[in-house]
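A short write-up of the structure that comes next.
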Amino acid sequence: MMTMSTDPPYIGSATENLTLSNPSCSNDSCKAFYDAHQLSQKLTPYAQQFDYGHYVTWFYLACIGCLTVAYVWRRWNRFIFRRGGRRIEPCPRRIWQWLVSVWRSFAYRRCSGWISTRFGLPSFGILAFMVLVILYCLLLTFWQRPYYRNHRGYGSPPLAVRTGLMAVALTPLLILLSGKANLVTMLTGIGHEKLNIFHRWVGWICFLLAVAHTIPFIVAPLKDGGYKALHAQFYKPGGLEYTGTPTLAILFGILVLSIPWFRHRAYEAFYHIHFWMAATYLGLMFWHCDNNGDSWAYLWASLAIWLATIAARAFWFNQSTSIVVPRWLIGSSVTAKTHPDNMTCLRIVAPVGFHWSPGQHIFVRIPQLNFFDNHPFTIANAAKLGSSDNDQQTLSLYIRSYGGFTRRLRHYLLSNPDAHLEAWLDGPYGGHHRDLSVDFDEIVLVAGGGGISAVLPWLDFVMAKYRSHKRMQVRSVRVYWSIKQKNSISWISDVLLRLRLYELPSFVRFQVHITHDEDTLDEKERKRLVLQQNTDDETDQESISDQYPWKNVDLGLDICSGRIDFASVCSSHDLVPDSRMVILGCGPEGLKVDLSNAVAAAQTRVLRGEVAEIALWTETFGW
Ligand SMILES: Cc1cc2nc3c(=O)[nH]c(=O)nc-3n(C[C@H](O)[C@H](O)[C@H](O)COP(=O)(O)OP(=O)(O)OC[C@H]3O[C@@H](n4cnc5c(N)ncnc54)[C@H](O)[C@@H]3O)c2cc1C
């Protein structure tokens with residue numbers, strides 16, 4: 001039986017099926033529609049909305065430009081220092097120091113508690129910058145009115161066009177911020193690992209703009225003629241609503257899979273899926289934008305940046321496929337040692353011509369274990385001072401075992417102690433854009449557990465410079481290392497023996513904090529520790545036998561129990577009013593949060609004129 005609908009039949013909106021270019025479209029309603037269309041376009045031109053893409057582009061280019069100027073200025077100061085000159089300050093020194101410390105007392109601060117450690121919330125400074133960016137985008141989105149035209153047939157809603165173009169204009173930035181071989185790093189000195197957070201935020205802003213772009217395209221036909229008008233508009237031949245839907249969906253998919261909860265669970269799977277989804281997204285964007293206005297210019301720029309990044313990584317940074325010093329598909333020889341508490345130390349012969357600076361990391365691929373595993377590790381020693389391309393150098397890596405590659409590596413080494421491994425190296429990447437030894441009077445290095453690998457290269461570097469009487473600003477170095485168990489000292493005992501810290505007690509002080517001292521543990525913790533030590537004993541016989549090579553040797557360490565007191569870390573009394581201090585920290589998220597807040601609070605010392613600067617730099621073993 002046929003069902004009779006009580007809804008009035010859809011007769012179309014005033015705009016439907018009108019082809020304005022059709023000469024027979026000459027009746028009154030057609031003419032009225034034509035005039036209204038012209039007026040709407042005159043008042044809010046479609047082409048003008050494309051300018052919003054330019055406003056977004058200028059904004060981020062200006063940000064990169066400012067950071068570039070700051071970087072060039074720092075490099076220039078360093079150059080002057082090396083030639084024996086004095087630093088140039090941007091405005092009267094005291095005012096500048098005051099402004100910087102006021103900003104740092106806010107910007108270094110971080111939320112403490114589980115929300116911060118779980119979600120890895122950035123510092124207030126980064127949050128403030130992102131709020132500024134979001135406000136700017138909101139202003140561009142909602143300032144100009146009207147958001148809609150009277151009818152969908154008068155043209156695309158202006159709100160939709162400009163937000164769409166703003167999202168498209170962010171695509172080159174999104175790709176620019178993602179690469180390991182990174183143009184922004186070249187210009188600003190900020191490593192890709194630090195830029196990664198902006199890559200993620202820009203991704204979300206891009207998505208929100210894409211949603212703001214989509215909504216008016218749904219609302220406008222709905223207002224005109226309800227669901228049927230929307231349906232007709234969606235399936236109209238050449239309609240951008242149709243091509244935009246999978247594009248938006250894939251962007252959403254990329255963002256959801258990038259949430260730390262997914263990312264940290266299966267990083268390798270995430271990485272490969274992310275790459276191919278991003279490539280698909282870019283392809284869909286070409287289809288969706290359909291070369292309207294200058295939209296494809298952004299997409300061609302994105303593609304060019306992406307291909308350049310891939311090529312630079314493959315043929316410049318990747319040491320086994322590099323065209324700079326060709327040694328095609330040849331790896332570097334690895335010597336490995338396992339230590340207690342899940343630490344493995346690799347010493348890798350550096351390829352000829354490989355140069356690095358303290359704080360940089362490399363990606364390591366060991367084809368014998370798994371060709372597709374490629375993981376970043378900080379180079380834990382400094383390059384020989386004044387070394388030439390032909391000097392043979394060794395890279396030290398300290399690798400903490402987790403669930404994937406790092407665990408496989410450790411198991412392999414424990415069951416094949418004499419195995420010869422070869423590693424393909426890709427890098428060096430990232431690092432610190434300031435030379436701490438010439439920019440500061442005191443360097444304070446703070447590490448928690450495996451974070452020591454980010455601290456050691458600086459210690460090694462400064463000690464080498466000190467011993468070879470190179471010109472430095474730094475007058476003293478303090479190291480604070482927090483570990484759970486005393487036997488973790490054996491991880492770095494050979495480095496400490498080599499550095500002979502005890503010879504220079506007035507220059508370097510190294511404090512080790514044992515946080516799980518057996519005397520102060522409660523019953524539960526003691527049991528866990530004994531269990532862990534037993535596990536180490538079972539799996540790690542070789543390293544246990546030489547676990548305490550430093551037992552009867554003076555390593556120049558000051559060993560104490562309990563946590564590091566970050567307030568006292570920031571309050572050196574050796575400094576005179578004009579001196580500068582830098583604190584570099586690496587370790588668990590909680591340690592970095594507490595350290596950041598302590599350094600933010602210590603800015604009052606600068607405001608009181610006790611010191612000229614207290615800077616902070618934290619390293620993150622992940623993104
Ligand atoms: C710039 C940088 C420097 C690092 N330096 C060191 C170091 O000196 N010593 C050290 O022990 N660790 C370091 N790490 C961390 C190290 O890369 C990871 O612990 C390692 O990749 C884990 O591998 P897995 O397969 O065993 O991890 P899984 O058990 O699969 O995962 C453990 C954790 O490591 C993360 N992870 C896994 N693979 C990668 C990857 N390819 N890139 C980034 N994160 C990953 C996961 O998100 C997860 O949070 C560094 C990380 C970065 C980003």
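Following the order of the structure tokens, chains are lettered A, B, ..., residues in each are numbered from 1, and ligands are numbered from 1.
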
Pick out the residues sitting within 7 Å of range 174-184 of chain A, and hand them over as a PyMOL selection string; count only C-alpha atoms, and ignore anything fewer than 6 positions along from it in its own chain.
chain A and resi 192+195-196+199+202-203+302+305-306+309+312-313+429

Taking only C-alpha atoms and all ligand atoms into account, report as JSON, numbers by chain which residues have an atom no farther than 8 Å from an atom of ligand 1.
{"A": [193, 260, 263, 264, 265, 266, 267, 268, 271, 343, 360, 361, 362, 363, 373, 374, 375, 376, 377, 378, 379, 380, 397, 398, 399, 400, 401, 402, 403, 404, 405, 406, 407, 408, 430, 450, 451, 453, 454, 619, 620, 621, 622, 623]}

Taking only C-alpha atoms into account, name the residue in A:Ser488, A:Trp261, A:Ile452, A:Ser26 that is nearest to His339 in chain A.
A:Ser488

Write down as number ranges by chain the residues of range 363-555 of chain A whose backbone DSSP state falls under alpha helix (DSSP H).
A: 405-415, 436-439, 452-467, 493-499, 523-539, 541-545

Counting only C-alpha atoms, which residue out of A:Leu43, A:Ala601, A:Leu425, A:Ala350 sits closest to Ser568 in chain A?
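Result for the nearest residue to Ser568 in chain A: A:Ala601.
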
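Proximity of A:Ala612, A:Gly359, A:Val102, A:Val444 to Gly191 in chain A, computed with only C-alpha atoms, is greatest for A:Gly359.
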
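Minimum atom-to-atom distances from A:Leu248, A:Ile205, A:Leu414, A:Ile489 to Val131 in chain A were compared using only C-alpha atoms, and the lowest value belongs to A:Ile205.
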
For Asn390 in chain A, work out the shell of residues within 12 Å, counting only C-alpha atoms and skipping chain neighbours fewer than 4 positions away, then give it as JSON, numbers by chain.
{"A": [325, 350, 351, 352, 353, 354, 355, 384, 386]}
